[in-house]
Structures are given as C-alpha cells and as structure tokens.
Amino acid sequence: MENLLQYIHDKLKAKFGDAIISAEQLYDFPVFVVKRENIFDIMKFLKEDTETGFEFLTTLCGLHYPENKGHELGVMYQLHNLPKNWRIRVKTFFPITAPEVQSVTSLFPSANWQERQEYDFFGIIFKGHPNLKRILNMDSMNYYPMRKEYPLEDATRDDKNDSMFGR
Amino acid sequence: MSEVITEKATIVEAPAGYQQPGFFATSLDKAVGLARKNSIWPLPFATSCCGIEFMALMASHYDLGRFGAERLSFSPRQADLLMVMGTIAKKMAPVLRQVYQQMAEPRWVLSMGACASSGGIFDTYSVLQGIDRVIPVDVYVPGCPPRPEQVIDGIMQIQKLVGSESLRRRHSPEYKEMMKKYGFE
C-alpha cells in the first residue's frame with residue numbers, strides 16, 4: 001500500500017482518538033505510539049478488524065530510555081498482516097515506577113514467552129499474563145539486567161576471580 | 001605416553017612390581033589404577049563450541065579410543081570422567097551439580113576451554129565464572145576452543161591422576177573436607 005502509515009493512522013484515530021500519541025514512518029516501518037491504557041484494545045482492533053487484519057505478532061520487546069523522565073520503560077509490538085504483507089510497529093511507554101501493561105497473551109498466544117522474557121529482563125509486569133515468571137535467568141536473580149542502570153564493569157561483583165587474570 | 005610399547009601391538013606396560021617366571025606381584029593400587037586409567041568412560045557435558053572440538057577428538061582422526069576412552073557414557077551413573085565443554089550459564093549450574101552428584105565414585109572432572117574454566121569472554125551476569133565454583137575440577141584444558149591435541153593432553157593428565165590415585169583417597173579426611181566445601185555430603 002502506498003501510504004500505509006496514513007491509512008492505519010486514520011483508522012486508529014477514528015476509533016481511539018487521543019489514545020494515539022504519535023505516528024511516524026521510521027525507514028520502511030509505520031510506527032505508532034499509543035497510550036498504555038488502550039494498548040490491549042488497540043491490539044485487539046488491529047488484529048480483529050477485517051480491514052487491518054494484523055493477525056501475526058512478529059515480535060515484542062521491552063524498551064528502556066532512562067532520559068525520558070516519566071515514561072522510561074516501554075513495550076514495542078511488531079505486527080504483520082500476512083495476506084497483504086503489511087508490517088507496523090506499536091509502542092507504548094510508561095513510568096519505571098509503575099511498570100505495568102496489559103498482557104496480549106489472550107490475543108496472541110506467541111506473546112506468552114516473549115512477555116515472560118521482557119518481565120525477566122526489564123521487570124515489566126504484564127497484567128493478565130497466565131504465568132508471569134522468569135524464563136531465561138535463574139529465579140534467584142533479584143534485578144532486571146537489561147535496564148540501563150548498571151555500569152559496564154561492575155566493581156562490586158564477587159563472582160569473578162581476577163587474581164589469575166591480572167586485570 | 002612413555003609406558004606404551006610402540007613396536008607392534010599397543011599394549012600398556014605393566015606397573016612396577018616383582019616378577020619371576022610364573023608370577024608377577026604388584027600392589028593392588030597399581031593394578032587397579034592401570035585398569036582404570038586405560039578404560040575411562042567419559043561423560044560429555046557439551047554446551048557449546050568446545051563440544052564440536054570434542055566431536056573431532058572422538059572421531060577417527062584424533063581417536064580418543066586409543067586411550068581406552070572411546071566408550072562415551074551418556075548416563076552419569078556409569079561414567080568415570082565428567083568432561084565439561086562450553087559455557088555454563090548460572091542457570092545451568094544446578095544441572096551440572098546434579099550430574100556430578102549422580103556419578104559414582106571414583107569420578108574425575110575435566111574442564112575444557114576458557115568458558116568452563118573461567119567464564120571465558122562471557123564476563124557477564126548470566127554466566128558461571130568457572131565450573132570450579134560449583135564442582136571440583138581435576139584438569140583444566142585452556143584454549144578457546146582447545147585443539148583436540150590439547151584435550152588429548154588433558155586426558156593423559158587425567159590418566160596420570162587416575163593411574164596414581166591411592167585406593168584410600170576418596171575416604172581420606174582431606175577429600176571429604178574438599179567435598180564439603182563444595183556442599184556435597
């Protein structure tokens with residue numbers, strides 16, 4: 001489609017109004033930033049509406065921008081309309097003090113493990129997820145390692161024995 | 001391998017002992033050590049690229065079978081030698097410990113490559129910084145990954161340990177204390 005960005009934006013704007021914060025074309029991807037409160041309804045609409053028909057969740061990932069005060073954390077969803085080969089991204093941001101967002105597992109079962117991974121690495125709580133626990137790291141880990149709040153070389157680590165390496 | 005007679009058949013030499021026509025006497029330690037070291041059953045615990053080098057080691061070109069170790073044991077119950085090859089994530093550490101615990105005494109551990117020995121390049125929160133943090137290791141083979149020749153050398157070091165081990169070692173207070181340090185009773 002010539003102007004997928006405009007087409008989807010018009011549809012979303014008509015249905016959700018102010019919940020659509022911004023829409024822009026980043027390289028070959030239309031990217032929509034939406035309000036956290038509406039993310040589930042928007043995803044449901046994008047999937048189930050016969051004209052949009054984004055039935056495939058390509059991927060989902062956590063985001064952390066420490067410099068954006070008040071909406072540091074986010075989730076990005078990448079959707080695919082397979083018959084028409086349309087691809088879009090939907091992003092939503094929220095404060096790190098309340099890292100909660102509605103789970104889309106009931107819409108896309110493939111989101112189950114991906115949401116667990118983002119919980120594991122970013123500490124994002126997906127409300128309504130059937131089994132929200134760590135997936136890759138050990139359960140005893142008490143921090144979220146992909147958040148940008150750690151120095152590259154952690155001087156306080158005690159699991160590395162440097163005596164033999166002379167660093 | 002100084003003990004190997006290279007002229008015709010490859011037969012290991014008899015241990016030091018007293019020999020006269022019709023009999024040969026040596027200590028039980030040495031006879032048992034001789035048998036053990038030439039029939040090591042390795043358990044490959046291969047998690048990454050070192051495991052690929054290990055495949056070369058077992059194949060015909062390098063042929064670990066020459067050392068009596070061609071019979072890989074994929075059950076820890078029957079294995080003598082645990083060969084840890086590759087990066088061990090912290091989440092994998094309890095699994096490795098369990099495999100070690102399932103092995104019957106006497107058991108030996110060979111740590112192959114930089115990752116298993118020290119965490120290697122994976123100086124990060126998710127990787128165990130050396131398997132000797134969770135299980136005792138007998139021989140470390142350096143390299144990233146080590147060539148099969150290096151692993152053969154490591155196996156020969158293990159053979160030396162196995163061949164010279166006292167039958168009482170596993171009952172000694174030092175050994176028990178070492179196991180206790182690692183949290184094994």
# chains A, B, ... in the order shown; residues from 1 in each chain; ligands from 1
call {"tool": "residues_around", "arguments": {"residues": "Leu136 of chain A", "least_positions_apart": "4", "cutoff": "8 Å", "atoms": "only C-alpha atoms", "output": "list in words"}}
result
Gln117 and Asp120 of chain A; Lys91 of chain B
call {"tool": "residues_around", "arguments": {"residues": "segment 16-21 of chain A", "least_positions_apart": "4", "cutoff": "10 Å", "atoms": "only C-alpha atoms", "output": "list of chain:residue names"}}
result
A:His9, A:Asp10, A:Lys11, A:Leu12, A:Phe32, A:Val33, A:Val34, A:Lys35, A:Arg36, A:Glu37, A:Asn38, A:Ile39, A:Asp41, A:Ile42, A:Phe45, A:Val90, A:Lys91, A:Thr92
call {"tool": "write_last_selection", "arguments": {"atoms": "N, CA and C atoms", "output": "mmCIF file, in the first residue's frame"}}
result
data_model
loop_
_atom_site.group_PDB
_atom_site.id
_atom_site.type_symbol
_atom_site.label_atom_id
_atom_site.label_comp_id
_atom_site.auth_asym_id
_atom_site.auth_seq_id
_atom_site.Cartn_x
_atom_site.Cartn_y
_atom_site.Cartn_z
ATOM 1 N N HIS A 9 -3.233 5.097 10.495
ATOM 2 C CA HIS A 9 -3.398 6.198 11.441
ATOM 3 C C HIS A 9 -4.832 6.726 11.426
ATOM 4 N N ASP A 10 -5.390 6.882 10.250
ATOM 5 C CA ASP A 10 -6.778 7.348 10.145
ATOM 6 C C ASP A 10 -7.728 6.391 10.846
ATOM 7 N N LYS A 11 -7.500 5.125 10.633
ATOM 8 C CA LYS A 11 -8.368 4.107 11.249
ATOM 9 C C LYS A 11 -8.267 4.161 12.766
ATOM 10 N N LEU A 12 -7.034 4.216 13.277
ATOM 11 C CA LEU A 12 -6.836 4.226 14.724
ATOM 12 C C LEU A 12 -7.388 5.508 15.328
ATOM 13 N N PHE A 32 3.576 3.556 15.560
ATOM 14 C CA PHE A 32 2.537 4.273 16.309
ATOM 15 C C PHE A 32 2.856 4.203 17.786
ATOM 16 N N VAL A 33 2.841 5.353 18.437
ATOM 17 C CA VAL A 33 2.978 5.367 19.888
ATOM 18 C C VAL A 33 1.602 5.611 20.466
ATOM 19 N N VAL A 34 1.210 4.720 21.377
ATOM 20 C CA VAL A 34 -0.156 4.811 21.900
ATOM 21 C C VAL A 34 -0.117 4.841 23.423
ATOM 22 N N LYS A 35 -1.265 5.196 24.007
ATOM 23 C CA LYS A 35 -1.355 5.247 25.470
ATOM 24 C C LYS A 35 -1.421 3.838 26.038
ATOM 25 N N ARG A 36 -0.785 3.683 27.203
ATOM 26 C CA ARG A 36 -0.740 2.370 27.839
ATOM 27 C C ARG A 36 -2.136 1.826 28.126
ATOM 28 N N GLU A 37 -3.054 2.715 28.550
ATOM 29 C CA GLU A 37 -4.391 2.260 28.963
ATOM 30 C C GLU A 37 -5.130 1.583 27.806
ATOM 31 N N ASN A 38 -4.786 1.961 26.573
ATOM 32 C CA ASN A 38 -5.556 1.474 25.421
ATOM 33 C C ASN A 38 -4.846 0.377 24.638
ATOM 34 N N ILE A 39 -3.654 -0.045 25.117
ATOM 35 C CA ILE A 39 -2.850 -0.920 24.264
ATOM 36 C C ILE A 39 -3.580 -2.212 23.914
ATOM 37 N N ASP A 41 -6.862 -2.813 23.752
ATOM 38 C CA ASP A 41 -7.968 -2.588 22.805
ATOM 39 C C ASP A 41 -7.442 -2.301 21.404
ATOM 40 N N ILE A 42 -6.338 -1.541 21.351
ATOM 41 C CA ILE A 42 -5.773 -1.213 20.037
ATOM 42 C C ILE A 42 -5.234 -2.471 19.355
ATOM 43 N N PHE A 45 -8.142 -4.466 18.174
ATOM 44 C CA PHE A 45 -8.718 -3.876 16.969
ATOM 45 C C PHE A 45 -7.854 -4.185 15.746
ATOM 46 N N VAL A 90 3.864 -0.957 17.017
ATOM 47 C CA VAL A 90 3.090 -0.215 18.003
ATOM 48 C C VAL A 90 3.928 -0.135 19.272
ATOM 49 N N LYS A 91 4.075 1.096 19.781
ATOM 50 C CA LYS A 91 4.853 1.263 21.011
ATOM 51 C C LYS A 91 4.000 1.899 22.074
ATOM 52 N N THR A 92 4.307 1.558 23.303
ATOM 53 C CA THR A 92 3.657 2.235 24.418
ATOM 54 C C THR A 92 4.688 2.442 25.523
#
call {"tool": "residues_around", "arguments": {"residues": "Tyr65 of chain A", "least_positions_apart": "4", "cutoff": "9 Å", "atoms": "only C-alpha atoms", "output": "PyMOL selection string"}}
result
chain A and resi 69+71-74+147-148
call {"tool": "residues_around", "arguments": {"residues": "segment 157-173 of chain B", "least_positions_apart": "5", "cutoff": "12 Å", "atoms": "only C-alpha atoms", "output": "PyMOL selection string"}}
result
chain B and resi 1-3+12+14-16+27-42+67-69+80-83+104-111+137-141+150-152+178-180
call {"tool": "interface_residues", "arguments": {"of": "chain B", "to": "chain A", "cutoff": "10 Å", "atoms": "only C-alpha atoms", "output": "PyMOL selection string"}}
result
chain B and resi 89-93+118-119+123-130+133
call {"tool": "residues_around", "arguments": {"residues": "segment 99-110 of chain A", "least_positions_apart": "3", "cutoff": "12 Å", "atoms": "only C-alpha atoms", "output": "ChimeraX atom specification"}}
result
/A:35-48,54-60,62-64,70-79,91-96,113-119,122-132
call {"tool": "select_by_dssp", "arguments": {"residues": "segment 35-115 of chain B", "states": "alpha helix (DSSP H)", "output": "list of chain:residue names"}}
result
B:Ala35, B:Arg36, B:Lys37, B:Cys49, B:Cys50, B:Gly51, B:Ile52, B:Glu53, B:Phe54, B:Met55, B:Ala56, B:Leu57, B:Met58, B:Ala93, B:Pro94, B:Val95, B:Leu96, B:Arg97, B:Gln98, B:Val99, B:Tyr100, B:Gln101, B:Gln102, B:Gly113, B:Ala114, B:Cys115
call {"tool": "write_last_selection", "arguments": {"atoms": "N, CA and C atoms", "output": "short mmCIF file (atom, residue, chain, number, x, y, z; two decimals), in the first residue's frame"}}
result
data_model
loop_
_atom_site.label_atom_id
_atom_site.label_comp_id
_atom_site.auth_asym_id
_atom_site.auth_seq_id
_atom_site.Cartn_x
_atom_site.Cartn_y
_atom_site.Cartn_z
N ALA B 35 44.11 -50.58 35.38
CA ALA B 35 42.86 -50.93 34.72
C ALA B 35 41.98 -49.70 34.52
N ARG B 36 41.90 -48.89 35.55
CA ARG B 36 41.01 -47.73 35.48
C ARG B 36 41.46 -46.73 34.44
N LYS B 37 42.76 -46.45 34.43
CA LYS B 37 43.20 -45.35 33.58
C LYS B 37 43.13 -45.69 32.10
N CYS B 49 30.82 -24.53 21.62
CA CYS B 49 31.76 -24.83 20.55
C CYS B 49 32.83 -25.84 20.96
N CYS B 50 33.22 -25.89 22.23
CA CYS B 50 34.18 -26.91 22.67
C CYS B 50 33.65 -28.31 22.38
N GLY B 51 32.32 -28.44 22.41
CA GLY B 51 31.73 -29.74 22.10
C GLY B 51 32.01 -30.17 20.68
N ILE B 52 32.15 -29.19 19.77
CA ILE B 52 32.45 -29.52 18.37
C ILE B 52 33.88 -30.06 18.27
N GLU B 53 34.80 -29.42 19.01
CA GLU B 53 36.17 -29.93 19.02
C GLU B 53 36.19 -31.33 19.62
N PHE B 54 35.32 -31.54 20.60
CA PHE B 54 35.25 -32.86 21.22
C PHE B 54 34.82 -33.92 20.21
N MET B 55 33.91 -33.54 19.30
CA MET B 55 33.49 -34.49 18.28
C MET B 55 34.67 -34.89 17.42
N ALA B 56 35.52 -33.90 17.08
CA ALA B 56 36.73 -34.22 16.32
C ALA B 56 37.63 -35.14 17.13
N LEU B 57 37.68 -34.89 18.42
CA LEU B 57 38.53 -35.71 19.30
C LEU B 57 38.08 -37.16 19.30
N MET B 58 36.75 -37.38 19.24
CA MET B 58 36.25 -38.75 19.30
C MET B 58 36.31 -39.43 17.93
N ALA B 93 24.11 -24.25 36.26
CA ALA B 93 24.98 -24.73 37.34
C ALA B 93 24.33 -25.82 38.20
N PRO B 94 23.07 -25.66 38.63
CA PRO B 94 22.46 -26.73 39.42
C PRO B 94 22.37 -28.05 38.65
N VAL B 95 22.17 -27.95 37.32
CA VAL B 95 22.09 -29.16 36.50
C VAL B 95 23.44 -29.86 36.50
N LEU B 96 24.50 -29.06 36.32
CA LEU B 96 25.85 -29.62 36.32
C LEU B 96 26.16 -30.29 37.65
N ARG B 97 25.77 -29.63 38.72
CA ARG B 97 25.99 -30.20 40.06
C ARG B 97 25.24 -31.53 40.21
N GLN B 98 24.04 -31.55 39.69
CA GLN B 98 23.25 -32.77 39.82
C GLN B 98 23.88 -33.91 39.03
N VAL B 99 24.35 -33.60 37.82
CA VAL B 99 25.01 -34.63 37.02
C VAL B 99 26.23 -35.15 37.75
N TYR B 100 26.99 -34.22 38.34
CA TYR B 100 28.19 -34.63 39.10
C TYR B 100 27.80 -35.53 40.27
N GLN B 101 26.73 -35.14 40.95
CA GLN B 101 26.31 -35.93 42.11
C GLN B 101 25.84 -37.32 41.72
N GLN B 102 25.30 -37.44 40.50
CA GLN B 102 24.79 -38.74 40.07
C GLN B 102 25.91 -39.69 39.69
N GLY B 113 38.36 -25.81 27.91
CA GLY B 113 38.16 -24.49 27.31
C GLY B 113 38.04 -23.36 28.32
N ALA B 114 38.15 -22.14 27.81
CA ALA B 114 38.17 -20.95 28.67
C ALA B 114 36.85 -20.76 29.41
N CYS B 115 35.73 -21.04 28.73
CA CYS B 115 34.43 -20.76 29.37
C CYS B 115 34.20 -21.65 30.57
#
call {"tool": "select_by_dssp", "arguments": {"residues": "segment 20-181 of chain B", "states": "strand (DSSP E)", "output": "PyMOL selection string"}}
result
chain B and resi 20+23-25+42-46+81-85+108-112+139-141
call {"tool": "closest_residue", "arguments": {"among": "B:Val84, B:Ala79, B:Leu64, B:Ile121", "to": "Glu149 of chain B", "atoms": "only C-alpha atoms"}}
result
B:Leu64
call {"tool": "closest_residue", "arguments": {"among": "A:Thr52, A:Tyr150, A:Lys133, A:Asn3", "to": "Lys84 of chain A", "atoms": "only C-alpha atoms"}}
result
A:Thr52
call {"tool": "decode", "arguments": {"residues": "segment 31-55 of chain B", "atoms": "C-alpha atoms", "output": "PDB file, in the first residue's frame"}}
result
ATOM      1  CA  ALA B  31      46.849 -52.916  39.298  1.00  0.00           C
ATOM      2  CA  VAL B  32      43.524 -51.143  39.821  1.00  0.00           C
ATOM      3  CA  GLY B  33      44.990 -47.838  38.636  1.00  0.00           C
ATOM      4  CA  LEU B  34      46.276 -49.498  35.483  1.00  0.00           C
ATOM      5  CA  ALA B  35      42.857 -50.930  34.720  1.00  0.00           C
ATOM      6  CA  ARG B  36      41.008 -47.729  35.485  1.00  0.00           C
ATOM      7  CA  LYS B  37      43.201 -45.346  33.578  1.00  0.00           C
ATOM      8  CA  ASN B  38      43.027 -47.345  30.381  1.00  0.00           C
ATOM      9  CA  SER B  39      39.272 -47.732  30.388  1.00  0.00           C
ATOM     10  CA  ILE B  40      37.968 -44.287  31.312  1.00  0.00           C
ATOM     11  CA  TRP B  41      34.322 -43.792  30.394  1.00  0.00           C
ATOM     12  CA  PRO B  42      33.825 -40.105  29.706  1.00  0.00           C
ATOM     13  CA  LEU B  43      30.520 -38.315  30.108  1.00  0.00           C
ATOM     14  CA  PRO B  44      30.461 -35.411  27.643  1.00  0.00           C
ATOM     15  CA  PHE B  45      28.698 -32.346  29.055  1.00  0.00           C
ATOM     16  CA  ALA B  46      28.987 -30.279  25.888  1.00  0.00           C
ATOM     17  CA  THR B  47      27.161 -26.952  25.821  1.00  0.00           C
ATOM     18  CA  SER B  48      28.883 -25.052  23.023  1.00  0.00           C
ATOM     19  CA  CYS B  49      31.762 -24.834  20.550  1.00  0.00           C
ATOM     20  CA  CYS B  50      34.181 -26.906  22.667  1.00  0.00           C
ATOM     21  CA  GLY B  51      31.731 -29.737  22.101  1.00  0.00           C
ATOM     22  CA  ILE B  52      32.451 -29.517  18.366  1.00  0.00           C
ATOM     23  CA  GLU B  53      36.166 -29.935  19.021  1.00  0.00           C
ATOM     24  CA  PHE B  54      35.253 -32.857  21.222  1.00  0.00           C
ATOM     25  CA  MET B  55      33.485 -34.493  18.279  1.00  0.00           C
TER      26      MET B  55
END
